[in-house]
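Trainee: What follows is the file protein.tsv, containing TSV, C-alpha atoms:
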```tsv
chain	number	residue	atom	x	y	z
A	1	MET	CA	-60.08	-0.79	-15.91
A	2	MET	CA	-59.08	2.23	-17.99
A	3	ALA	CA	-59.97	0.68	-21.34
A	4	PRO	CA	-63.72	0.33	-20.74
A	5	VAL	CA	-63.90	3.84	-19.31
A	6	LEU	CA	-62.05	5.24	-22.33
A	7	ALA	CA	-64.32	3.34	-24.67
A	8	VAL	CA	-67.42	4.69	-22.97
A	9	ALA	CA	-65.98	8.22	-23.10
A	10	VAL	CA	-65.27	7.93	-26.85
A	11	VAL	CA	-68.75	6.64	-27.56
A	12	GLY	CA	-70.23	9.45	-25.46
A	13	LEU	CA	-68.18	12.06	-27.32
A	14	VAL	CA	-69.35	10.72	-30.64
A	15	THR	CA	-72.94	10.90	-29.44
A	16	ILE	CA	-72.48	14.45	-28.26
A	17	LEU	CA	-70.83	15.35	-31.58
A	18	ALA	CA	-73.75	13.90	-33.51
A	19	VAL	CA	-76.29	15.77	-31.45
A	20	VAL	CA	-74.34	19.02	-31.81
A	21	LEU	CA	-74.20	18.56	-35.56
A	22	ILE	CA	-77.94	18.00	-35.72
A	23	VAL	CA	-78.61	21.07	-33.57
A	24	LEU	CA	-76.27	23.19	-35.71
A	25	ALA	CA	-78.09	22.09	-38.85
A	26	LEU	CA	-81.41	22.89	-37.21
A	27	VAL	CA	-80.21	26.32	-36.15
A	28	PHE	CA	-78.74	27.21	-39.54
A	29	TYR	CA	-81.72	26.19	-41.60
A	30	LEU	CA	-84.36	27.47	-39.20
A	31	VAL	CA	-82.67	30.88	-39.00
A	32	SER	CA	-82.51	30.98	-42.79
A	33	VAL	CA	-86.20	30.10	-42.99
A	34	ILE	CA	-87.00	32.85	-40.48
A	35	ALA	CA	-85.12	35.37	-42.61
A	36	GLN	CA	-87.07	34.33	-45.71
A	37	LEU	CA	-90.36	34.49	-43.80
A	38	ARG	CA	-89.54	38.04	-42.73
A	39	LYS	CA	-89.02	38.99	-46.38
A	40	ILE	CA	-92.35	37.37	-47.24
A	41	THR	CA	-94.05	39.32	-44.45
A	42	ALA	CA	-92.61	42.59	-45.73
A	43	GLY	CA	-93.75	41.78	-49.26
A	44	LEU	CA	-97.23	40.88	-48.06
A	45	ASP	CA	-97.42	44.16	-46.15
A	46	GLU	CA	-96.71	46.03	-49.40
A	47	THR	CA	-99.26	43.86	-51.21
A	48	ILE	CA	-101.92	44.56	-48.61
A	49	ALA	CA	-101.24	48.30	-48.88
A	50	GLY	CA	-101.61	48.16	-52.68
A	51	VAL	CA	-104.73	46.03	-52.58
A	52	SER	CA	-106.25	48.32	-49.96
A	53	GLY	CA	-105.58	51.27	-52.28
A	54	ILE	CA	-107.27	49.42	-55.13
A	55	VAL	CA	-110.30	48.63	-53.00
A	56	GLN	CA	-110.52	52.18	-51.69
A	57	LYS	CA	-110.14	53.83	-55.11
A	58	SER	CA	-112.51	51.50	-56.92
A	59	ALA	CA	-115.24	51.68	-54.29
A	60	PRO	CA	-117.23	54.55	-55.87
A	61	VAL	CA	-116.69	53.38	-59.45
A	62	ASN	CA	-119.77	51.17	-59.53
A	63	ASP	CA	-122.16	53.88	-58.42
A	64	VAL	CA	-120.59	56.52	-60.65
A	65	VAL	CA	-120.64	54.33	-63.75
A	66	THR	CA	-124.23	53.32	-63.02
A	67	THR	CA	-125.23	56.96	-62.77
A	68	ILE	CA	-123.39	57.83	-65.97
A	69	ASN	CA	-125.11	54.98	-67.79
A	70	GLU	CA	-128.50	56.09	-66.49
A	71	GLN	CA	-127.84	59.62	-67.71
A	72	LEU	CA	-126.68	58.41	-71.10
A	73	ASP	CA	-129.68	56.10	-71.36
A	74	ALA	CA	-131.95	59.05	-70.69
A	75	GLY	CA	-130.13	61.06	-73.37
A	76	VAL	CA	-130.45	58.26	-75.91
A	77	ASP	CA	-134.14	57.82	-75.10
A	78	LEU	CA	-134.68	61.52	-75.52
A	79	LEU	CA	-132.88	61.80	-78.85
A	80	GLU	CA	-134.45	58.67	-80.28
A	81	GLY	CA	-137.90	59.80	-79.25
A	82	LEU	CA	-137.36	63.26	-80.69
A	83	LEU	CA	-136.02	61.90	-83.97
A	84	VAL	CA	-138.92	59.48	-84.40
A	85	LYS	CA	-141.43	62.14	-83.39
A	86	LYS	CA	-140.13	64.72	-85.82
A	87	ALA	CA	-139.01	62.63	-88.79
A	88	GLY	CA	-141.34	59.69	-88.49
A	89	MET	CA	-140.25	56.15	-87.91
A	90	SER	CA	-139.40	55.37	-91.52
A	91	ASP	CA	-137.36	58.50	-92.18
A	92	ALA	CA	-135.71	58.28	-88.79
A	93	VAL	CA	-134.50	54.77	-89.54
A	94	GLY	CA	-133.40	55.89	-93.00
A	95	LEU	CA	-131.55	58.89	-91.65
A	96	VAL	CA	-129.68	56.83	-89.09
A	97	ASP	CA	-128.87	54.23	-91.70
A	98	GLY	CA	-127.71	56.96	-94.09
A	99	MET	CA	-125.26	58.28	-91.53
A	100	TYR	CA	-124.13	54.94	-90.13
A	101	ALA	CA	-124.53	52.24	-92.74
A	102	GLY	CA	-126.11	49.12	-91.31
A	103	ALA	CA	-127.35	50.82	-88.17
A	104	ALA	CA	-130.94	50.36	-89.25
A	105	ALA	CA	-130.65	46.65	-88.61
A	106	ALA	CA	-130.11	47.34	-84.92
A	107	GLY	CA	-133.07	49.70	-84.81
A	108	PHE	CA	-133.96	52.02	-81.97
A	109	ARG	CA	-133.88	50.85	-78.41
A	110	ASN	CA	-137.29	52.10	-77.39
A	111	PHE	CA	-139.03	51.19	-80.62
A	112	PRO	CA	-139.09	47.42	-80.96
A	113	GLU	CA	-140.68	47.61	-84.38
A	114	SER	CA	-137.87	49.76	-85.80
A	115	PRO	CA	-135.58	46.87	-86.89
A	116	THR	CA	-138.37	45.50	-89.07
A	117	ILE	CA	-138.78	48.75	-91.00
A	118	LYS	CA	-137.05	48.87	-94.35
A	119	ALA	CA	-134.85	51.92	-94.24
A	120	PRO	CA	-135.50	54.34	-97.11
A	121	ARG	CA	-132.39	55.34	-99.00
A	122	ILE	CA	-132.14	58.77	-97.51
A	123	GLY	CA	-128.75	59.22	-99.16
A	124	GLU	CA	-130.43	59.35	-102.56
A	125	VAL	CA	-132.93	61.96	-101.47
A	126	TYR	CA	-130.66	64.25	-99.57
A	127	THR	CA	-127.27	65.23	-100.88
A	128	ARG	CA	-124.10	64.06	-99.34
A	129	GLY	CA	-123.43	67.54	-98.00
A	130	THR	CA	-126.73	67.58	-96.19
A	131	LEU	CA	-126.01	64.27	-94.58
A	132	THR	CA	-122.56	65.51	-93.69
A	133	LEU	CA	-124.07	68.50	-91.98
A	134	ALA	CA	-126.42	66.22	-90.10
A	135	ARG	CA	-123.53	64.00	-89.20
A	136	LEU	CA	-121.57	66.96	-87.91
A	137	GLY	CA	-124.48	68.07	-85.80
A	138	ARG	CA	-124.90	71.35	-87.66
A	139	GLU	CA	-128.31	72.63	-88.41
A	140	ALA	CA	-129.11	70.33	-91.27
A	141	PRO	CA	-132.07	71.63	-93.22
A	142	ILE	CA	-133.70	68.21	-93.33
A	143	ALA	CA	-137.42	68.75	-92.95
A	144	ALA	CA	-136.67	72.10	-91.41
A	145	GLY	CA	-138.19	74.29	-94.07
A	146	ASN	CA	-141.05	76.68	-93.64
A	147	PRO	CA	-143.67	74.80	-91.61
A	148	ALA	CA	-146.38	76.43	-93.65
A	149	GLY	CA	-144.85	75.46	-97.00
A	150	PRO	CA	-144.27	72.14	-98.68
A	151	ALA	CA	-141.82	69.67	-97.28
A	152	LEU	CA	-138.31	70.05	-98.56
A	153	ARG	CA	-138.08	66.40	-99.21
A	154	ASP	CA	-139.53	65.38	-102.50
A	155	VAL	CA	-139.39	61.65	-102.88
A	156	GLU	CA	-140.06	61.60	-106.60
A	157	ARG	CA	-137.77	64.46	-107.51
A	158	GLY	CA	-135.18	64.09	-104.85
A	159	SER	CA	-132.31	65.78	-106.66
A	160	LEU	CA	-134.29	68.98	-107.21
A	161	ALA	CA	-135.42	68.99	-103.61
A	162	ALA	CA	-131.86	68.66	-102.49
A	163	ARG	CA	-130.75	71.41	-104.85
A	164	LEU	CA	-133.24	73.79	-103.32
A	165	LEU	CA	-131.40	73.49	-100.05
A	166	TYR	CA	-128.51	75.53	-101.47
A	167	PRO	CA	-128.29	79.29	-102.25
A	168	GLU	CA	-130.24	80.48	-105.24
A	169	ILE	CA	-127.97	80.58	-108.29
A	170	ARG	CA	-129.21	78.29	-111.02
A	171	GLN	CA	-132.07	76.43	-109.40
A	172	THR	CA	-134.75	78.50	-111.11
A	173	LYS	CA	-132.87	78.45	-114.40
A	174	PRO	CA	-132.56	82.23	-114.97
A	175	LYS	CA	-132.26	83.42	-118.56
A	176	SER	CA	-128.95	85.13	-118.02
A	177	LEU	CA	-126.46	85.21	-115.25
A	178	ALA	CA	-124.04	88.03	-114.52
A	179	ARG	CA	-121.21	87.89	-116.98
A	180	SER	CA	-117.69	87.24	-115.90
A	181	PRO	CA	-115.48	90.34	-115.68
A	182	VAL	CA	-113.29	91.14	-118.70
A	183	ILE	CA	-109.61	91.44	-118.00
A	184	GLY	CA	-106.60	92.40	-120.09
A	185	THR	CA	-105.51	95.44	-122.07
A	186	ASP	CA	-108.86	95.63	-123.87
A	187	ALA	CA	-110.86	95.47	-120.68
A	188	PRO	CA	-113.48	98.23	-120.34
A	189	VAL	CA	-112.21	99.00	-116.87
A	190	GLN	CA	-108.51	99.78	-116.64
A	191	TYR	CA	-106.70	100.09	-113.41
A	192	GLU	CA	-103.60	102.25	-112.96
A	193	GLN	CA	-100.48	100.48	-111.95
A	194	ARG	CA	-99.37	101.24	-108.45
A	195	ASP	CA	-96.04	103.01	-108.20
A	196	ASP	CA	-94.95	101.32	-105.06
A	197	ILE	CA	-94.99	97.85	-106.63
A	198	GLY	CA	-91.44	96.88	-107.51
A	199	ALA	CA	-89.96	99.89	-105.75
A	200	PRO	CA	-87.46	99.41	-102.92
A	201	ARG	CA	-89.05	98.68	-99.63
A	202	LYS	CA	-89.35	101.56	-97.25
A	203	GLN	CA	-86.69	101.62	-94.58
A	204	LEU	CA	-87.91	101.88	-91.05
A	205	PRO	CA	-86.20	104.56	-88.90
A	206	GLN	CA	-83.26	103.19	-87.01
A	207	PRO	CA	-83.59	103.28	-83.22
A	208	ASP	CA	-81.28	105.67	-81.44
A	209	VAL	CA	-78.86	103.55	-79.49
A	210	SER	CA	-76.79	106.45	-78.14
B	1	MET	CA	-71.52	-0.71	-26.07
B	2	ILE	CA	-72.02	-2.09	-29.55
B	3	LEU	CA	-75.61	-0.90	-29.58
B	4	TRP	CA	-74.44	2.56	-28.54
B	5	TRP	CA	-72.04	2.63	-31.47
B	6	ILE	CA	-74.78	1.52	-33.77
B	7	GLY	CA	-76.96	4.26	-32.37
B	8	ASN	CA	-74.27	6.85	-33.01
B	9	LEU	CA	-73.80	5.53	-36.50
B	10	VAL	CA	-77.53	5.78	-37.19
B	11	LEU	CA	-77.59	9.30	-35.77
B	12	LEU	CA	-74.79	10.50	-38.01
B	13	ALA	CA	-75.54	8.51	-41.15
B	14	VAL	CA	-79.32	8.56	-41.18
B	15	VAL	CA	-80.89	11.11	-38.85
B	16	LEU	CA	-78.57	14.01	-39.63
B	17	PRO	CA	-78.91	13.73	-43.47
B	18	ILE	CA	-82.67	13.39	-43.19
B	19	VAL	CA	-82.90	16.47	-40.96
B	20	VAL	CA	-80.69	18.45	-43.34
B	21	TYR	CA	-82.66	17.28	-46.35
B	22	LEU	CA	-86.01	18.25	-44.84
B	23	LEU	CA	-84.83	21.62	-43.55
B	24	ARG	CA	-83.24	22.43	-46.89
B	25	GLY	CA	-86.53	21.67	-48.62
B	26	VAL	CA	-88.36	24.08	-46.30
B	27	LEU	CA	-85.73	26.76	-46.92
B	28	ASP	CA	-85.92	26.34	-50.70
B	29	ALA	CA	-89.70	26.60	-50.59
B	30	ALA	CA	-89.52	29.75	-48.48
B	31	LYS	CA	-86.95	31.25	-50.84
B	32	SER	CA	-89.13	30.53	-53.88
B	33	ILE	CA	-92.08	32.39	-52.31
B	34	VAL	CA	-90.17	35.64	-51.82
B	35	PRO	CA	-89.87	36.69	-55.51
B	36	SER	CA	-93.52	35.86	-56.12
B	37	VAL	CA	-94.64	37.97	-53.18
B	38	GLN	CA	-92.45	40.85	-54.31
B	39	GLU	CA	-93.90	40.66	-57.83
B	40	ILE	CA	-97.43	40.63	-56.41
B	41	ALA	CA	-96.60	43.67	-54.30
B	42	LYS	CA	-95.32	45.52	-57.39
B	43	VAL	CA	-98.44	44.63	-59.37
B	44	ALA	CA	-100.72	45.71	-56.54
B	45	ALA	CA	-98.89	49.03	-56.26
B	46	ALA	CA	-99.11	49.55	-60.03
B	47	GLY	CA	-102.80	48.66	-60.00
B	48	SER	CA	-103.44	51.10	-57.21
B	49	LYS	CA	-101.58	53.79	-59.15
B	50	ASP	CA	-103.59	53.05	-62.30
B	51	LEU	CA	-106.76	53.70	-60.36
B	52	ASP	CA	-105.67	57.21	-59.42
B	53	ALA	CA	-107.73	58.44	-62.38
B	54	ALA	CA	-110.85	56.81	-60.98
B	55	ALA	CA	-111.50	59.96	-58.99
B	56	LEU	CA	-111.95	61.78	-62.30
B	57	LEU	CA	-115.07	59.70	-62.85
B	58	LEU	CA	-116.85	62.09	-60.53
B	59	THR	CA	-115.99	64.91	-62.94
B	60	THR	CA	-117.12	62.74	-65.84
B	61	GLN	CA	-120.38	62.06	-64.05
B	62	ASP	CA	-120.94	65.76	-63.52
B	63	GLN	CA	-120.10	66.55	-67.14
B	64	VAL	CA	-122.40	63.83	-68.44
B	65	THR	CA	-125.23	65.12	-66.29
B	66	LYS	CA	-124.72	68.65	-67.59
B	67	THR	CA	-124.41	67.44	-71.18
B	68	VAL	CA	-127.59	65.40	-71.00
B	69	ALA	CA	-129.36	68.36	-69.42
B	70	GLY	CA	-128.14	70.54	-72.30
B	71	VAL	CA	-129.30	67.97	-74.82
B	72	ALA	CA	-132.68	67.83	-73.11
B	73	ASN	CA	-133.02	71.60	-73.31
B	74	TYR	CA	-131.94	71.55	-76.96
B	75	GLY	CA	-134.38	68.75	-77.70
B	76	GLY	CA	-137.16	70.63	-75.99
B	77	SER	CA	-136.47	73.66	-78.14
B	78	LEU	CA	-136.38	71.52	-81.27
B	79	ASP	CA	-139.63	69.94	-80.24
B	80	VAL	CA	-141.20	73.38	-80.19
B	81	ILE	CA	-139.56	74.64	-83.39
B	82	LEU	CA	-140.08	71.64	-85.66
B	83	ASP	CA	-143.36	70.13	-86.65
B	84	ASP	CA	-144.06	66.54	-85.86
B	85	ALA	CA	-143.99	63.98	-88.62
B	86	ARG	CA	-147.33	63.18	-90.13
```
Can you present the structure in this file as structure tokens?
Mentor:
Amino acid sequence: MMAPVLAVAVVGLVTILAVVLIVLALVFYLVSVIAQLRKITAGLDETIAGVSGIVQKSAPVNDVVTTINEQLDAGVDLLEGLLVKKAGMSDAVGLVDGMYAGAAAAGFRNFPESPTIKAPRIGEVYTRGTLTLARLGREAPIAAGNPAGPALRDVERGSLAARLLYPEIRQTKPKSLARSPVIGTDAPVQYEQRDDIGAPRKQLPQPDVS
Amino acid sequence: MILWWIGNLVLLAVVLPIVVYLLRGVLDAAKSIVPSVQEIAKVAAAGSKDLDAAALLLTTQDQVTKTVAGVANYGGSLDVILDDAR
């Protein structure tokens, strides 16, 4: 009588033990998963905050950049138009190509015919210094001479035209220039030697520390 | 009774390992997500910090507007001073 009861009890205990083991495994792993999911949630919260900052800070960028580009486009249109108006299409292309070699191939934006124009070699007409001034944005005297007089640019005699841009010294080939001063013991003008040269340096008055 | 024993044996030898195997896979997958999420959070924070200078674009916009206005005035003066090309 006792043997079957004992056997049933042992089998029941084994069953209970198996179920408890399964439940323990479930609890351990599910709690671990919950802990990892909490870490993921915290990380996603930080990510959302960062992404929100990116969205918020980059929101006005599109409009601002568009406005800047519009302003710069207007500036480019203005400068291109002014250059072509004042220098003429051919010289304008040549001037740009002289400052930025190869730029003539791209041409001007608002002048579709400009890439087809063969750029004159402005660098051979104007001196390097003149182009440098133009490049630096100084007041380059290119075509800025007396409006009533002849143009400064002389295509056939370019070097002379460029020379005229500089102060008058030898351009008109004067018969004689001012002679260099004569120096030395035989010089017509003698200067007295200063006494203080080579003498001990003057001592400054000492401050009264008492 | 024999069937009960067989059931216990199946529970311990088959069901329990399968449950452990599956739960361990879920835990490993969850653990592998955590570093990635933390890296993404760092990158997002760095990206947000990099965009702090975007507010200066408003100053740039203002400066560009003023500069172009100055260029326009300068160009207008040049237009008056210089003769047009023939």
Trainee: If we count all atoms listed in the file, what is near stretch 66-76 of chain A at a cut-off of 7 Å, once residues fewer than 6 positions away on the same chain are taken out, given as a ChimeraX atom specification?
Mentor: /B:61,64-65,68
Trainee: I'd like a table as a Markdown table: residues in chain A with an atom no more than 7 Å from chain B, each row giving the shortest atom pair and its distance in Å to one decimal, all atoms listed in the file counted, sorted by chain and rising residue number.
Mentor:
```
| residue | atom | partner | partner_atom | distance |
| --- | --- | --- | --- | --- |
| A:Val11 | CA | B:Trp5 | CA | 6.5 |
| A:Val14 | CA | B:Asn8 | CA | 6.7 |
| A:Thr15 | CA | B:Asn8 | CA | 5.6 |
| A:Ala18 | CA | B:Leu12 | CA | 5.7 |
| A:Ile22 | CA | B:Leu16 | CA | 5.6 |
| A:Ala25 | CA | B:Val20 | CA | 6.3 |
| A:Tyr29 | CA | B:Leu23 | CA | 5.9 |
| A:Ser32 | CA | B:Leu27 | CA | 6.7 |
| A:Val33 | CA | B:Leu27 | CA | 5.2 |
| A:Gln36 | CA | B:Ala30 | CA | 5.9 |
| A:Leu37 | CA | B:Ala30 | CA | 6.7 |
| A:Lys39 | CA | B:Val34 | CA | 6.5 |
| A:Ile40 | CA | B:Val34 | CA | 5.4 |
| A:Gly43 | CA | B:Gln38 | CA | 5.3 |
| A:Leu44 | CA | B:Val37 | CA | 6.4 |
| A:Glu46 | CA | B:Ala41 | CA | 5.4 |
| A:Thr47 | CA | B:Ala41 | CA | 4.1 |
| A:Gly50 | CA | B:Ala45 | CA | 4.6 |
| A:Val51 | CA | B:Ala44 | CA | 5.6 |
| A:Gly53 | CA | B:Ser48 | CA | 5.4 |
| A:Ile54 | CA | B:Ser48 | CA | 4.7 |
| A:Lys57 | CA | B:Leu51 | CA | 6.2 |
| A:Ser58 | CA | B:Ala54 | CA | 6.9 |
| A:Val61 | CA | B:Ala54 | CA | 6.9 |
| A:Val64 | CA | B:Gln61 | CA | 6.5 |
| A:Ile68 | CA | B:Gln61 | CA | 5.5 |
| A:Gln71 | CA | B:Thr65 | CA | 6.3 |
| A:Gly75 | CA | B:Val68 | CA | 5.6 |
| A:Leu82 | CA | B:Gly75 | CA | 6.9 |
| A:Lys85 | CA | B:Asp84 | CA | 5.7 |
| A:Lys86 | CA | B:Asp84 | CA | 4.3 |
| A:Ala87 | CA | B:Ala85 | CA | 5.2 |
| A:Gly88 | CA | B:Ala85 | CA | 5.0 |
| A:Ala144 | CA | B:Leu82 | CA | 6.7 |
| A:Pro147 | CA | B:Asp83 | CA | 6.8 |
```
Trainee: Neighbours of A:Leu95 within 9 Å (all atoms listed in the file; same-chain residues fewer than 5 positions away dropped), as a ChimeraX atom specification?
Mentor: /A:87,90,100,104,119-123,131
Trainee: For the atom pair atom CA of A:Pro4 and atom CA of A:Val20, what is the interatomic distance in Å to one decimal place?
Mentor: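 So the answer is 24.2 Å.
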Trainee: What is the distance, in Å and to one decimal place, between atom CA of A:Gly102 and atom CA of A:Leu78?
Mentor: 21.8 Å
Trainee: Using only C-alpha atoms, which residue out of A:Val19, A:Val93, A:Ala101, A:Ala59 lies closest to A:Ser114?
Mentor: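 Ranking A:Val19, A:Val93, A:Ala101, A:Ala59 by distance to A:Ser114, first place goes to A:Val93.
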